[in-house]
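Next up, upload.pdb (PDB, C-alpha atoms, pLDDT in the B column):
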```
ATOM      1  CA  MET Y  11      14.783  67.462  38.546  1.00 56.00           C
ATOM      2  CA  LYS Y  12      13.347  64.636  36.447  1.00 63.00           C
ATOM      3  CA  GLN Y  13      12.572  61.348  37.910  1.00 65.00           C
ATOM      4  CA  ILE Y  14      13.807  58.418  35.895  1.00 60.00           C
ATOM      5  CA  GLN Y  15      11.246  55.701  35.540  1.00 65.00           C
ATOM      6  CA  SER Y  16      12.703  52.277  35.760  1.00 61.00           C
ATOM      7  CA  HIS Y  17      10.871  49.400  34.134  1.00 61.00           C
ATOM      8  CA  SER Y  18      10.002  46.528  36.290  1.00 66.00           C
ATOM      9  CA  LYS Y  19      12.236  43.522  35.746  1.00 69.00           C
ATOM     10  CA  ASN Y  20       9.240  41.292  36.268  1.00 75.00           C
ATOM     11  CA  SER Y  21       7.468  42.608  33.164  1.00 79.00           C
ATOM     12  CA  LEU Y  22      10.598  42.069  31.016  1.00 81.00           C
ATOM     13  CA  PHE Y  23      10.880  38.522  32.302  1.00 84.00           C
ATOM     14  CA  LEU Y  24       7.207  37.923  31.515  1.00 86.00           C
ATOM     15  CA  MET Y  25       7.621  39.204  27.939  1.00 86.00           C
ATOM     16  CA  GLU Y  26      10.690  37.020  27.475  1.00 88.00           C
ATOM     17  CA  MET Y  27       8.747  33.974  28.671  1.00 89.00           C
ATOM     18  CA  ILE Y  28       5.908  34.761  26.265  1.00 91.00           C
ATOM     19  CA  PHE Y  29       8.372  34.891  23.337  1.00 90.00           C
ATOM     20  CA  VAL Y  30       9.995  31.630  24.437  1.00 91.00           C
ATOM     21  CA  LEU Y  31       6.608  29.899  24.653  1.00 92.00           C
ATOM     22  CA  LEU Y  32       5.611  31.260  21.243  1.00 92.00           C
ATOM     23  CA  PHE Y  33       8.842  29.988  19.686  1.00 91.00           C
ATOM     24  CA  LEU Y  34       8.432  26.613  21.403  1.00 92.00           C
ATOM     25  CA  SER Y  35       4.860  26.201  20.180  1.00 91.00           C
ATOM     26  CA  LEU Y  36       5.807  27.079  16.584  1.00 90.00           C
ATOM     27  CA  SER Y  37       8.743  24.667  16.687  1.00 91.00           C
ATOM     28  CA  SER Y  38       6.631  21.821  18.060  1.00 91.00           C
ATOM     29  CA  ALA Y  39       3.959  22.389  15.399  1.00 89.00           C
ATOM     30  CA  ALA Y  40       6.618  22.124  12.693  1.00 89.00           C
ATOM     31  CA  CYS Y  41       8.016  18.934  14.245  1.00 88.00           C
ATOM     32  CA  ILE Y  42       4.587  17.324  14.413  1.00 90.00           C
ATOM     33  CA  ARG Y  43       4.045  18.013  10.706  1.00 90.00           C
ATOM     34  CA  ILE Y  44       7.450  16.512   9.874  1.00 89.00           C
ATOM     35  CA  PHE Y  45       6.742  13.354  11.879  1.00 86.00           C
ATOM     36  CA  ALA Y  46       3.284  12.993  10.328  1.00 85.00           C
ATOM     37  CA  ALA Y  47       4.766  13.254   6.833  1.00 87.00           C
ATOM     38  CA  ALA Y  48       7.441  10.704   7.751  1.00 88.00           C
ATOM     39  CA  GLU Y  49       4.785   8.240   8.936  1.00 87.00           C
ATOM     40  CA  LYS Y  50       2.803   8.688   5.730  1.00 87.00           C
ATOM     41  CA  ASN Y  51       5.937   8.096   3.637  1.00 91.00           C
ATOM     42  CA  HIS Y  52       6.768   4.982   5.670  1.00 90.00           C
ATOM     43  CA  VAL Y  53       3.293   3.502   5.121  1.00 88.00           C
ATOM     44  CA  HIS Y  54       3.535   4.277   1.393  1.00 90.00           C
ATOM     45  CA  ALA Y  55       6.963   2.592   1.176  1.00 92.00           C
ATOM     46  CA  VAL Y  56       5.701  -0.532   2.984  1.00 92.00           C
ATOM     47  CA  GLU Y  57       2.694  -0.711   0.647  1.00 91.00           C
ATOM     48  CA  ASN Y  58       4.916  -0.433  -2.433  1.00 93.00           C
ATOM     49  CA  ARG Y  59       7.316  -3.104  -1.150  1.00 94.00           C
ATOM     50  CA  GLN Y  60       4.451  -5.514  -0.454  1.00 93.00           C
ATOM     51  CA  ILE Y  61       2.805  -4.780  -3.800  1.00 93.00           C
ATOM     52  CA  GLN Y  62       6.071  -5.518  -5.593  1.00 95.00           C
ATOM     53  CA  ALA Y  63       6.598  -8.798  -3.728  1.00 93.00           C
ATOM     54  CA  HIS Y  64       3.039 -10.014  -4.357  1.00 93.00           C
ATOM     55  CA  THR Y  65       3.166  -8.960  -8.018  1.00 93.00           C
ATOM     56  CA  VAL Y  66       6.318 -11.008  -8.564  1.00 93.00           C
ATOM     57  CA  SER Y  67       4.743 -14.028  -6.859  1.00 91.00           C
ATOM     58  CA  VAL Y  68       1.553 -13.842  -8.930  1.00 90.00           C
ATOM     59  CA  SER Y  69       3.461 -13.377 -12.185  1.00 89.00           C
ATOM     60  CA  GLU Y  70       5.687 -16.398 -11.470  1.00 90.00           C
ATOM     61  CA  ILE Y  71       2.635 -18.530 -10.656  1.00 88.00           C
ATOM     62  CA  MET Y  72       0.932 -17.390 -13.856  1.00 86.00           C
ATOM     63  CA  GLU Y  73       3.997 -18.099 -15.969  1.00 85.00           C
ATOM     64  CA  GLY Y  74       4.623 -21.539 -14.465  1.00 84.00           C
ATOM     65  CA  SER Y  75       1.062 -22.841 -14.186  1.00 80.00           C
ATOM     66  CA  ASP Y  76      -1.931 -23.316 -16.448  1.00 78.00           C
ATOM     67  CA  GLY Y  77      -3.299 -19.922 -15.400  1.00 76.00           C
ATOM     68  CA  ASN Y  78      -6.573 -20.997 -13.787  1.00 80.00           C
ATOM     69  CA  ALA Y  79      -7.831 -19.657 -10.453  1.00 82.00           C
ATOM     70  CA  ASP Y  80      -7.215 -22.911  -8.576  1.00 83.00           C
ATOM     71  CA  SER Y  81      -3.490 -22.755  -9.389  1.00 83.00           C
ATOM     72  CA  PHE Y  82      -3.188 -19.399  -7.660  1.00 85.00           C
ATOM     73  CA  VAL Y  83      -4.993 -20.601  -4.532  1.00 86.00           C
ATOM     74  CA  LYS Y  84      -2.787 -23.702  -4.468  1.00 87.00           C
ATOM     75  CA  TYR Y  85       0.526 -21.849  -4.732  1.00 88.00           C
ATOM     76  CA  LEU Y  86      -0.451 -18.624  -2.930  1.00 88.00           C
ATOM     77  CA  PRO Y  87      -2.699 -19.796  -0.063  1.00 87.00           C
ATOM     78  CA  GLY Y  88      -5.427 -17.732   1.533  1.00 87.00           C
ATOM     79  CA  GLY Y  89      -7.168 -16.679  -1.649  1.00 87.00           C
ATOM     80  CA  ILE Y  90     -10.879 -16.863  -2.286  1.00 88.00           C
ATOM     81  CA  SER Y  91     -11.509 -17.934  -5.856  1.00 86.00           C
ATOM     82  CA  ASP Y  92     -14.404 -18.095  -8.241  1.00 84.00           C
ATOM     83  CA  SER Y  93     -14.325 -19.021 -11.927  1.00 78.00           C
ATOM     84  CA  SER Y  94     -12.387 -16.016 -13.229  1.00 85.00           C
ATOM     85  CA  SER Y  95     -10.946 -14.154 -10.237  1.00 89.00           C
ATOM     86  CA  VAL Y  96      -9.130 -14.621  -6.940  1.00 91.00           C
ATOM     87  CA  ASN Y  97      -9.272 -12.296  -3.914  1.00 92.00           C
ATOM     88  CA  TRP Y  98      -6.743 -12.141  -1.095  1.00 93.00           C
ATOM     89  CA  TYR Y  99      -7.377 -10.032   2.005  1.00 94.00           C
ATOM     90  CA  TYR Y 100      -4.580  -8.668   4.195  1.00 93.00           C
ATOM     91  CA  ASP Y 101      -4.512  -6.869   7.534  1.00 92.00           C
ATOM     92  CA  ARG Y 102      -2.497  -3.702   8.101  1.00 90.00           C
ATOM     93  CA  ASN Y 103       0.693  -5.779   8.595  1.00 91.00           C
ATOM     94  CA  TRP Y 104       0.103  -7.610   5.287  1.00 91.00           C
ATOM     95  CA  ASN Y 105      -0.840 -10.909   6.909  1.00 92.00           C
ATOM     96  CA  ILE Y 106      -3.639 -12.974   5.380  1.00 92.00           C
ATOM     97  CA  CYS Y 107      -6.950 -12.359   7.159  1.00 91.00           C
ATOM     98  CA  ASP Y 108     -10.693 -12.510   6.546  1.00 90.00           C
ATOM     99  CA  LYS Y 109     -12.618  -9.841   4.653  1.00 88.00           C
ATOM    100  CA  GLN Y 110     -14.049  -8.186   7.777  1.00 90.00           C
ATOM    101  CA  ASN Y 111     -10.610  -7.438   9.284  1.00 89.00           C
ATOM    102  CA  ALA Y 112      -8.910  -6.520   6.019  1.00 91.00           C
ATOM    103  CA  SER Y 113      -6.939  -3.351   5.402  1.00 91.00           C
ATOM    104  CA  TYR Y 114      -5.816  -4.350   1.905  1.00 93.00           C
ATOM    105  CA  ARG Y 115      -7.274  -6.414  -0.918  1.00 93.00           C
ATOM    106  CA  MET Y 116      -5.413  -8.065  -3.781  1.00 94.00           C
ATOM    107  CA  LEU Y 117      -7.659  -8.966  -6.732  1.00 94.00           C
ATOM    108  CA  LEU Y 118      -6.548 -11.094  -9.664  1.00 93.00           C
ATOM    109  CA  GLU Y 119      -8.997 -11.050 -12.581  1.00 92.00           C
ATOM    110  CA  LEU Y 120      -8.171 -13.751 -15.119  1.00 88.00           C
ATOM    111  CA  SER Y 121      -8.824 -13.393 -18.846  1.00 84.00           C
ATOM    112  CA  PRO Y 122      -8.923 -16.925 -20.262  1.00 73.00           C
ATOM    113  CA  SER Y 123      -7.759 -17.430 -23.809  1.00 72.00           C
ATOM    114  CA  LEU Y 124      -6.467 -20.377 -25.840  1.00 66.00           C
ATOM    115  CA  CYS Y 125      -3.229 -18.749 -26.969  1.00 71.00           C
ATOM    116  CA  LYS Y 126      -2.238 -16.818 -23.859  1.00 80.00           C
ATOM    117  CA  LYS Y 127      -2.600 -16.632 -20.098  1.00 84.00           C
ATOM    118  CA  ALA Y 128      -3.657 -13.131 -19.102  1.00 87.00           C
ATOM    119  CA  GLY Y 129      -4.977 -11.287 -16.122  1.00 89.00           C
ATOM    120  CA  THR Y 130      -5.095  -8.043 -14.210  1.00 91.00           C
ATOM    121  CA  LEU Y 131      -3.728  -7.781 -10.693  1.00 93.00           C
ATOM    122  CA  SER Y 132      -5.085  -4.894  -8.594  1.00 94.00           C
ATOM    123  CA  PHE Y 133      -4.359  -3.765  -5.055  1.00 94.00           C
ATOM    124  CA  TYR Y 134      -6.895  -1.818  -3.012  1.00 93.00           C
ATOM    125  CA  ARG Y 135      -6.790  -0.116   0.364  1.00 92.00           C
ATOM    126  CA  MET Y 136      -9.910  -1.166   2.245  1.00 88.00           C
ATOM    127  CA  ASP Y 137     -10.764   2.271   3.609  1.00 82.00           C
ATOM    128  CA  ALA Y 138     -14.000   4.165   3.031  1.00 75.00           C
ATOM    129  CA  ASP Y 139     -13.491   4.662  -0.701  1.00 80.00           C
ATOM    130  CA  HIS Y 140     -11.585   1.415  -1.504  1.00 84.00           C
ATOM    131  CA  ALA Y 141      -8.734   3.356  -3.104  1.00 88.00           C
ATOM    132  CA  LEU Y 142      -6.847   1.641  -5.907  1.00 91.00           C
ATOM    133  CA  LEU Y 143      -3.156   1.483  -4.973  1.00 91.00           C
ATOM    134  CA  HIS Y 144      -1.772  -0.252  -8.053  1.00 92.00           C
ATOM    135  CA  SER Y 145      -2.889  -2.271 -11.060  1.00 93.00           C
ATOM    136  CA  THR Y 146      -0.821  -4.466 -13.400  1.00 92.00           C
ATOM    137  CA  GLU Y 147      -1.688  -6.547 -16.447  1.00 91.00           C
ATOM    138  CA  PHE Y 148      -0.023  -9.905 -17.127  1.00 86.00           C
ATOM    139  CA  ARG Y 149       0.227 -11.758 -20.429  1.00 85.00           C
ATOM    140  CA  PHE Y 150       2.114 -14.999 -20.946  1.00 82.00           C
ATOM    141  CA  PRO Y 151       1.931 -17.413 -23.862  1.00 79.00           C
ATOM    142  CA  SER Y 152       0.015 -20.555 -23.034  1.00 70.00           C
ATOM    143  CA  ILE Y 153       2.088 -23.737 -22.802  1.00 62.00           C
ATOM    144  CA  GLN Y 154      -0.545 -25.689 -24.740  1.00 58.00           C
ATOM    145  CA  SER Y 155      -0.465 -23.233 -27.666  1.00 50.00           C
ATOM    146  CA  ALA Y 156       3.350 -23.292 -27.740  1.00 48.00           C
ATOM    147  CA  LEU Y 157       3.307 -27.108 -27.888  1.00 49.00           C
ATOM    148  CA  LYS Y 158       0.776 -27.054 -30.732  1.00 50.00           C
ATOM    149  CA  GLU Y 159       2.946 -24.629 -32.705  1.00 49.00           C
ATOM    150  CA  GLU Y 160       6.005 -26.880 -32.281  1.00 52.00           C
ATOM    151  CA  GLU Y 161       4.061 -29.951 -33.492  1.00 55.00           C
ATOM    152  CA  SER Y 162       2.915 -28.276 -36.707  1.00 52.00           C
TER
END
```
Reformat the file's structure so that it appears as structure tokens.
Amino acid sequence: MKQIQSHSKNSLFLMEMIFVLLFLSLSSAACIRIFAAAEKNHVHAVENRQIQAHTVSVSEIMEGSDGNADSFVKYLPGGISDSSSVNWYYDRNWNICDKQNASYRMLLELSPSLCKKAGTLSFYRMDADHALLHSTEFRFPSIQSALKEEES
């Protein structure tokens, strides 16, 4: 007569636990990737929202002022100006800060001309490679040139 071998219930339980742990580890790895992608998308959305808000502010200042660097520092405080450009430095929460603590840099390069006010506004992430986030060119007719055209 044949003896029937019965499998130990302990070994089946152990195999079941191994499969459960494998499934759990794969699921958690997928969740971590999803959360990491969500964080990256959130940071990108915040950057775009801030870039849009600052671009609108700079364009309104350029349109309503004489277009020199001092006007931008006057109406948008915190900038560091020289003759043809203005730099603003922001921390990771987009608050004005000094250059050493900056996470972002907004650079306005002015192109003086008699008939128009023009400039290029660029946003940089202050990481290792100073990545360019966005760049926009502005051109507005100069108020002085418009007045001269009306007089003639």
Neighbour residues at most 12 Å from (-6.0, -22.1, -3.4) (all atoms listed in the file) as a list in words: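 The distance filter leaves exactly Ile71, Asn78, Ala79, Asp80, Ser81, Phe82, Val83, Lys84, Tyr85, Leu86, Pro87, Gly88, Gly89, Ile90, Ser91, Asp92, Ser95, Val96, Asn97 and Trp98 of chain Y.
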I need the chosen residues saved as an mmCIF file, keeping the file's coordinate frame, with C-alpha atoms.
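Saved to out33.cif:
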```cif
data_model
loop_
_atom_site.group_PDB
_atom_site.id
_atom_site.type_symbol
_atom_site.label_atom_id
_atom_site.label_comp_id
_atom_site.auth_asym_id
_atom_site.auth_seq_id
_atom_site.Cartn_x
_atom_site.Cartn_y
_atom_site.Cartn_z
ATOM 1 C CA ILE Y 71 2.635 -18.530 -10.656
ATOM 2 C CA ASN Y 78 -6.573 -20.997 -13.787
ATOM 3 C CA ALA Y 79 -7.831 -19.657 -10.453
ATOM 4 C CA ASP Y 80 -7.215 -22.911 -8.576
ATOM 5 C CA SER Y 81 -3.490 -22.755 -9.389
ATOM 6 C CA PHE Y 82 -3.188 -19.399 -7.660
ATOM 7 C CA VAL Y 83 -4.993 -20.601 -4.532
ATOM 8 C CA LYS Y 84 -2.787 -23.702 -4.468
ATOM 9 C CA TYR Y 85 0.526 -21.849 -4.732
ATOM 10 C CA LEU Y 86 -0.451 -18.624 -2.930
ATOM 11 C CA PRO Y 87 -2.699 -19.796 -0.063
ATOM 12 C CA GLY Y 88 -5.427 -17.732 1.533
ATOM 13 C CA GLY Y 89 -7.168 -16.679 -1.649
ATOM 14 C CA ILE Y 90 -10.879 -16.863 -2.286
ATOM 15 C CA SER Y 91 -11.509 -17.934 -5.856
ATOM 16 C CA ASP Y 92 -14.404 -18.095 -8.241
ATOM 17 C CA SER Y 95 -10.946 -14.154 -10.237
ATOM 18 C CA VAL Y 96 -9.130 -14.621 -6.940
ATOM 19 C CA ASN Y 97 -9.272 -12.296 -3.914
ATOM 20 C CA TRP Y 98 -6.743 -12.141 -1.095
#
```
The PyMOL selection byres ((chain Y and resi 70) around 12) applied to the shown file, residues as a VMD selection string: chain Y and resid 63 to 69 71 to 77 81 to 82 85 to 86 127 148 to 150
Within 12 Å of region 42-55 of chain Y, which residues of region 79-117 of chain Y show up? Give each one with its shortest atom-to-atom distance in Å (one decimal) and the two atoms involved, counting all atoms listed in the file, rows by chain then rising residue number, as a Markdown table.
```
| residue | atom | partner | partner_atom | distance |
| --- | --- | --- | --- | --- |
| Y:Arg102 | CA | Y:Val53 | CA | 9.7 |
| Y:Asn103 | CA | Y:Val53 | CA | 10.2 |
| Y:Trp104 | CA | Y:Val53 | CA | 11.6 |
```
Write a file of the just-selected residues containing C-alpha atoms, as a PDB file, in the frame of the given file.
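Below you can see part31.pdb, which holds the result:
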```pdb
ATOM      1  CA  ARG Y 102      -2.497  -3.702   8.101  1.00 90.00           C
ATOM      2  CA  ASN Y 103       0.693  -5.779   8.595  1.00 91.00           C
ATOM      3  CA  TRP Y 104       0.103  -7.610   5.287  1.00 91.00           C
TER       4      TRP Y 104
END
```
Spatial sel., origin (-4.1, -1.1, -15.8), limit 10 Å, all atoms listed in the file, listed as an MDAnalysis selection string: chainID Y and resid 130:132 144:148
Computed interatomic separation between CA of Lys109 (chain Y) and CA of Gln60 (chain Y) (Å): 18.3 Å
CA of Glu57 (chain Y) to CA of Cys41 (chain Y), straight-line distance in Å: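 So the answer is 24.5 Å.
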Nearest to His140 (chain Y) by atom-to-atom distance, counting only C-alpha atoms, from Y:Ala112, Y:Leu120, Y:Ala128, Y:Met27: Y:Ala112
Box along x, y and z, 8 Å on every side, all listed atoms of region 97-116 of chain Y inside: centre and edge lengths in Å to one decimal, as lines of an AutoDock Vina configuration file.
```
center_x = -6.7
center_y = -8.2
center_z = 2.7
size_x = 30.7
size_y = 25.6
size_z = 29.2
```
d(CA of Cys125 (chain Y), CA of Ser152 (chain Y)) in Å: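 Separating CA of Cys125 (chain Y) from CA of Ser152 (chain Y) is a distance of 5.4 Å.
When the PyMOL selection byres ((chain Y and resi 111) around 12) is evaluated on the file shown here, the picked residues come out as Tyr99, Tyr100, Asp101, Arg102, Asn103, Trp104, Asn105, Ile106, Cys107, Asp108, Lys109, Gln110, Ala112, Ser113, Tyr114, Arg115, Met136 and Asp137 of chain Y.
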